[in-house]
Structures are given as structure tokens and as C-alpha cells.
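Notes follow the structure.
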Amino acid sequence: MACSNATPSPAPKEATPEKAAPKQAALEEATLEEATPKQATPKQAAPKQAAPAAAEPVAPAVPTDVPGDTGPFSIALTSDRRPGLADWGGGLGVVVGALFWVIEPGGRVVEIFAGNDGSTWEYEVFTSEFMSTDYGGVWPGALLRSYSTDSTRASSVEAQERWNGKGFTKLANSDEFLQWTHRQPIPWRSGHAIALQTWFSNADVMEELYVGEDEQQSAAQRKLSRKVDRLLDRAVPKLVMVAAQAVESPKATWELFEPGTAKAEPAKAVEQAAAPSELPKLPGEPEQFLALADGTVVIRDGNDLWSWKPEASRWTAIERPVPPSEQTYEHLYADPAGELLMTQCKRDPSAGALWRRSGSAWSSVSLPTPTCVSALAVARDGSSWIISNELLWRRVSGDARPWEQVQLPAPWEPRDAIVFDGQVWIVAEDETKEADEDMAGELDFDEDGQLGHWAVMVDRPVPTPRVLYTES
């Protein structure tokens, strides 16, 4: 999403037996070990075979039905499915279903799939991983992926993998009773990443505990259920550090910008910070967390806000700008200058608010309209971009400056905004192109679904936009 962190996606739902569902939590003493657990192979991966000869990378096709001039923005990428944008530190992640691309500084695009660099991954999103694949972390040295590889009548098998420069390597994430996964990985300092590690009953246990609708648990099942419950009672969610590894980025598939035309983002000094294996015990289970420029980590746990500074031994409560309300949705953003921003959206009647925390004091930030903010991005020069009521607004540095509406010509409407490498990237939708109703019904998309005509725009000239994914 915006600023330095994408809006977190909801964690995949794990199925549980109808009459014996152990409690969900996280194990305190887990470590990362690169090994292959006994799990089903992802359906997206091809069987092992001799590596094909590396072919010259081929850029995707050029779209032929892109509507309209986009004014100050150029169309860079198009897709029949909604692309997600995330700042992965060393690259801008573009995720479409189970596929991803990386836009590196300067506009170099790395495509992992479609046989690039001899990859055995198929160019296909209609797989068991499509609805649950979760990417995040830091490109390329701490990029993580989790997804369900198989399911049973009682549960699913959750795979946890890490990028090694050529593909994904499985991490051992299961023991006799429990399995774990990383949620919402985000960049930290020095190429390290932070992720929420949670534990839950593994698929074998859930299968063993399963009973039919008219059945009763056996004595052995009840004993196993109590044992697993005790294990989960001793477990708590925790934030773990995923240390950076020396991984080279693959060869770029194509360039977005003409040589010499990309806006040069000044190189940031990278502080070589030590990476603790995990952060102090959490005060609760965070619904959202992010990292500020100085390494401070902020979490939102229901109505409570907490912060942790590097080298600190505990979390510190953050005073809220206003009392909480059950009818208000909140989201945190990180300002590149190191300040914390929080949007609030009152559901009924709909009303939005924006707050900035400088030091220990909150201040209200004016908005161009009274409606809720659906996306917020702040550039290093202090300029702010928001999407509110399906309109795009920009304000130059300074909270006292007026907001200016930025037009995206019809039929394009803004949906998301992020700043990366000194450039503003917008996800826009053309609602005049109807989605495939049969496919939408089959995949059970909601009215805001993922099918349709989508574009990723950038505030720099792009001579040749590319098609990321098409249904045809």
C-alpha cells in the first residue's frame, strides 16, 4: 500500500474440526531452519527435471486495449487481475495471485516466472495457492512466501519458504503437533525483515482429532486434544527477525524507462544494524505492525498502540490521539522522515481523519474531503498522496499546504498508492470493462473483486507498457 508498508492482508483461515478445535497461538521458542518438511509439494511447482537451458528473457506483451491518456502518470503495467504493490526494500513487489514481479531502482523489472532464467515455475495463477499466497519481507535477501500446499477434511498444510536467488527454499515449519507460519513480513534495517510468527495445530493432528457430525471423540482423541491445547496455551505470537542473506538479484527481464529518464533517488546510507532473533514478548497479538526509519517498530493491537526501540527490553505504550471507538477503523503508516501517521475511518456515518505523531505528540492533519482515506503515501521530499472517495489528491511538503486533486482521465479510477525509488505508483481500475461473471462466480469474488481491467501507473514516462497477466 502506501508509504513503506503495504496494507496487511488477512491471514488464511485454517479449517478446524467441528467438535475439537485447539486454540490458535504462537510458539515462543521457534527458529528458522532451512529444510524440507514432509508436506505436499505445491501444485504450482513442476516435477523435478533437468534444468532447461537458460533462454534470453522476453518482455511481456504490449497491451492493445489500454484506455485513455493518464495525464501526469504513465501506464507501466496492465493486468486482468488486481495487482498488489508492496515496498520490499530493494524492490517494489508487484503481486498478482500467486505470481510476483520486482521493479528494482531505476525501473529494472525482474520476472521470476514464465521460464525466465530456466525457472520451472509455470505461468499460472489458477492453483491452490492463488487465494492464500502471501509474499513479504526484503528483496532479495529476506523475501518470504507462505501458502497452503494441501488440504484435508480437517485442516491444511501451510508451507513457509524463503527466496535463495534462484527459487524458493522450504523452511522446516512443523513438529509432531504444531506448525508455524510467518505473517505480514516487512522490511526492517540493513536488509533484515520482521514477521509475525504464529503457531497452530498441524494437519496430522487436526486429521486425527476429526470427528463426523454424529460422532463423539474417543478417549485417545480427547487426550490428544488436551495435550495440544496445553502446547498452544504456552505459545504466544511473536515478532521474529529474518536476517538478511547475501543473495544476488536475478537478471532483469526488461526496463520500464528509457535510459537516463528515470528519476534518480539518492542512495540511502545503510546502517549495519544487528538483528536480534526476536523482539521482546508482545503485549498482545498485533493486527498491524510497521517499522519507522530509525528501526522503531510500532504495533496496533485492537485499540492499543505500542512501540519498541532497538536494544530496548520491552514494549512501551503509545498514548492515542483520541479515545477509541468501536465504529472506527484505524490504519498505521510510516513517514520516511521517521514519524508515525494514523488514519481513522468512521463507518456510520462515513468520516475520515488523519493524525501525525511527532516525538510524543499527536497533531491533526487536514484532509481535502471529510471522507475516509483508503490509501496514503508520503515521499522523501515530504509530499503526500492520498486516495479518498475514489479521488487522488497530492500536497507538497508541509501539513499546512493545500491539497490538489490529480486527475486520472476516465475511465481510470485510483485504488492504491505507494512511493518507491522517488516515484509515485498508482493502482488504477477501468470499471467500464466488465469482469468474467462465470469466472468470478467460480472463484467467489466479491463485488470489489479482482477481475477486471487494472493498471499500474507511475509519474514518469513509460515508452512501452507491458501486460502482466491476461485471462486469454
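Chain labels follow the order of the C-alpha cells: the first chain is A, the next B, and so on; residue numbering restarts at 1 in every chain, and ligands are counted from 1 in their shown order.
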Show me, as a CSV table (one decimal) with N, CA and C atoms, in the first residue's frame, the residues that have an atom within 10 Å of segment 315-324 of chain A when counting only C-alpha atoms, minus same-chain residues fewer than 6 positions from it.
chain,number,residue,atom,x,y,z
A,279,LEU,N,12.0,-10.1,18.8
A,279,LEU,CA,11.7,-8.9,19.6
A,279,LEU,C,11.1,-9.3,21.0
A,280,PRO,N,11.1,-8.4,21.9
A,280,PRO,CA,10.6,-8.7,23.3
A,280,PRO,C,9.1,-9.3,23.2
A,281,LYS,N,8.7,-10.0,24.2
A,281,LYS,CA,7.4,-10.6,24.2
A,281,LYS,C,6.3,-9.5,24.0
A,282,LEU,N,5.4,-9.8,23.1
A,282,LEU,CA,4.4,-8.9,22.7
A,282,LEU,C,3.4,-8.7,23.8
A,283,PRO,N,2.9,-7.4,23.9
A,283,PRO,CA,1.8,-7.2,24.9
A,283,PRO,C,0.5,-7.7,24.4
A,297,VAL,N,9.8,-0.2,16.0
A,297,VAL,CA,8.7,-1.0,15.5
A,297,VAL,C,7.4,-0.5,16.3
A,298,VAL,N,6.3,-0.3,15.5
A,298,VAL,CA,5.0,0.1,16.2
A,298,VAL,C,4.0,-1.0,15.8
A,299,ILE,N,3.2,-1.4,16.8
A,299,ILE,CA,2.2,-2.3,16.6
A,299,ILE,C,0.8,-1.7,17.0
A,300,ARG,N,-0.2,-2.2,16.4
A,300,ARG,CA,-1.6,-1.8,16.7
A,300,ARG,C,-2.3,-3.1,17.1
A,302,GLY,N,-5.7,-4.1,18.6
A,302,GLY,CA,-7.0,-3.6,18.9
A,302,GLY,C,-7.0,-2.1,19.0
A,303,ASN,N,-7.4,-1.6,20.2
A,303,ASN,CA,-7.4,-0.1,20.4
A,303,ASN,C,-6.1,0.4,21.0
A,304,ASP,N,-5.1,-0.5,21.2
A,304,ASP,CA,-3.9,-0.1,21.9
A,304,ASP,C,-2.7,0.0,20.9
A,305,LEU,N,-1.8,1.0,21.1
A,305,LEU,CA,-0.7,1.2,20.3
A,305,LEU,C,0.6,1.0,21.2
A,306,TRP,N,1.6,0.3,20.6
A,306,TRP,CA,2.8,0.1,21.4
A,306,TRP,C,4.0,0.3,20.4
A,307,SER,N,5.2,0.6,21.0
A,307,SER,CA,6.4,0.8,20.3
A,307,SER,C,7.6,0.1,20.9
A,308,TRP,N,8.5,-0.3,20.1
A,308,TRP,CA,9.7,-0.9,20.6
A,308,TRP,C,10.9,-0.3,19.8
A,309,LYS,N,11.9,0.2,20.6
A,309,LYS,CA,13.1,0.7,20.0
A,309,LYS,C,14.2,-0.3,20.1
A,330,GLU,N,-8.9,1.8,12.0
A,330,GLU,CA,-7.7,2.6,12.0
A,330,GLU,C,-6.6,1.8,11.2
A,342,MET,N,-1.5,8.0,11.3
A,342,MET,CA,-2.6,7.1,11.5
A,342,MET,C,-3.9,7.6,10.9
A,355,TRP,N,-3.9,11.6,11.5
A,355,TRP,CA,-3.1,12.1,12.6
A,355,TRP,C,-1.6,11.9,12.4
A,356,ARG,N,-0.8,12.8,12.8
A,356,ARG,CA,0.6,12.7,12.7
A,356,ARG,C,1.2,12.7,14.1
A,357,ARG,N,2.2,11.8,14.4
A,357,ARG,CA,2.8,11.7,15.7
A,357,ARG,C,4.3,12.2,15.5
A,360,SER,N,6.4,12.7,20.9
A,360,SER,CA,5.4,12.0,21.6
A,360,SER,C,4.0,12.7,21.5
A,361,ALA,N,3.9,13.7,20.6
A,361,ALA,CA,2.7,14.4,20.5
A,361,ALA,C,2.0,14.2,19.2
A,362,TRP,N,0.7,14.0,19.2
A,362,TRP,CA,-0.1,13.8,18.0
A,362,TRP,C,-0.7,15.2,17.6
A,363,SER,N,-0.8,15.3,16.3
A,363,SER,CA,-1.5,16.5,15.7
A,363,SER,C,-2.4,16.1,14.6
A,364,SER,N,-3.5,16.8,14.5
A,364,SER,CA,-4.5,16.5,13.4
A,364,SER,C,-4.0,17.1,12.1
### Message
List as a list of chain:residue names the protein and nucleic acid residues near segment 239-251 of chain A, meaning an atom at most 7 Å away when only C-alpha atoms are counted, but skip any in the same chain fewer than 5 places from it.
### Response
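Final neighbour list, sorted by chain and number: A:Val110, A:Pro140, A:Gly141, A:Ala142, A:Asn164, A:Gly165, A:Gly191, A:His192, A:Ala193, A:Ile194, A:Ala195, A:Leu196, A:Gln197, A:Ala275, A:Pro276, A:Ser277, A:Glu278, A:Leu279.
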Selection from above, C-alpha atoms, as a compact mmCIF listing (two decimals), in the first residue's frame, can you write it?
# COMPACT_ATOMS: atom_id res chain seq x y z
CA VAL A 110 12.66 -8.91 -12.69
CA PRO A 140 16.29 -10.14 -2.48
CA GLY A 141 17.96 -11.27 0.78
CA ALA A 142 14.97 -11.81 3.09
CA ASN A 164 17.50 -18.00 -2.35
CA GLY A 165 18.30 -16.04 -5.51
CA GLY A 191 18.20 -5.69 4.68
CA HIS A 192 16.63 -7.59 7.59
CA ALA A 193 12.90 -8.32 7.77
CA ILE A 194 10.41 -8.67 10.62
CA ALA A 195 7.50 -11.11 10.57
CA LEU A 196 4.75 -12.20 12.93
CA GLN A 197 5.27 -15.88 13.73
CA ALA A 275 19.45 -8.24 14.11
CA PRO A 276 18.08 -9.84 17.28
CA SER A 277 16.50 -13.23 16.66
CA GLU A 278 13.21 -11.98 18.04
CA LEU A 279 11.70 -8.90 19.60
### Query
Could you pull out the strand (DSSP E or B) residues of segment 335-449 of chain A from DSSP and send them as a PyMOL selection string?
chain A and resi 340-346+351-358+361-365+373-378+384-388+391-395+404-406+412-420+423-430
### Message
My list of candidates is A:Gln179, A:Thr328, A:Ser190, A:Ser155. Which is closest to Val138 of chain A when distances are computed with only C-alpha atoms?
### Response
A:Ser190
### Task
Go ahead and compute the interatomic distance for atom CA of Val205 of chain A and atom CA of Ser225 of chain A, in Å to one decimal.
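Atom CA of Val205 of chain A sits 8.7 Å away from atom CA of Ser225 of chain A.
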### Task
Go through A:Val211, A:Val378, A:Val419, A:Ala455 and flag the residue nearest Gly398 of chain A, using only C-alpha atoms for the distances.
A:Val378
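For the pair atom CA of Gly422 of chain A and atom CA of Asp381 of chain A, the separation is 8.6 Å.
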Contact residues around Pro370 of chain A with only C-alpha atoms at 10 Å, ignoring same-chain residues under 3 positions, as a PDB file with C-alpha atoms, in the first residue's frame:
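Saved the output as around.pdb:
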ATOM      1  CA  CYS A 345     -12.407   5.848   9.256  1.00  0.00           C
ATOM      2  CA  SER A 350     -18.633   7.720   6.949  1.00  0.00           C
ATOM      3  CA  ALA A 351     -15.993  10.206   8.040  1.00  0.00           C
ATOM      4  CA  GLY A 352     -12.202  10.220   7.876  1.00  0.00           C
ATOM      5  CA  ALA A 353      -9.369  11.664   9.962  1.00  0.00           C
ATOM      6  CA  SER A 366      -6.339  18.325   7.424  1.00  0.00           C
ATOM      7  CA  LEU A 367      -7.872  16.290   4.614  1.00  0.00           C
ATOM      8  CA  VAL A 373      -8.724   7.723   3.351  1.00  0.00           C
ATOM      9  CA  SER A 388     -10.248   9.349  -0.762  1.00  0.00           C
ATOM     10  CA  ASN A 389     -13.713   8.734  -2.197  1.00  0.00           C
TER      11      ASN A 389
END
### Atom pair atom CA of Pro465 of chain A / atom CA of Val62 of chain A: separation (Å)
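Between these atoms lies a distance of 6.0 Å.
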Skipping near chain neighbours, those fewer than 6 positions away, what residues fall within 9 Å of Asp294 of chain A using only C-alpha atoms, listed as a JSON list (two decimals) with C-alpha atoms, in the first residue's frame?
[["chain", "number", "residue", "atom", "x", "y", "z"],
["A", 189, "ARG", "CA", 17.06, -2.14, 8.72],
["A", 309, "LYS", "CA", 13.10, 0.74, 20.00],
["A", 310, "PRO", "CA", 16.17, -1.28, 19.04],
["A", 338, "GLY", "CA", 10.53, 8.73, 10.85]]
Residues within 8 Å of Ser383 of chain A, only C-alpha atoms, excluding chain neighbours under 3 positions, as a compact mmCIF listing (two decimals) with C-alpha atoms, in the first residue's frame:
# COMPACT_ATOMS: atom_id res chain seq x y z
CA VAL A 378 4.47 10.03 1.66
CA ALA A 379 7.58 10.74 -0.42
CA ARG A 380 11.03 11.54 0.96
CA ARG A 394 -1.49 15.49 -3.64
CA ARG A 395 0.02 18.00 -1.22
CA VAL A 396 3.56 19.33 -1.37
CA SER A 397 5.70 19.23 1.76
CA GLY A 398 4.02 20.71 4.83
### Task
Find the residues around Pro463 of chain A up to 8 Å (only C-alpha atoms counted), leave out those fewer than 6 positions away in its own chain, and share them as a list in words.
Leu256, Phe257 and Glu258 of chain A
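Each of A:Gly167, A:Pro187, A:Gly90, A:Gly284 was compared to Asp421 of chain A using only C-alpha atoms, and A:Gly90 turns out to be the nearest.
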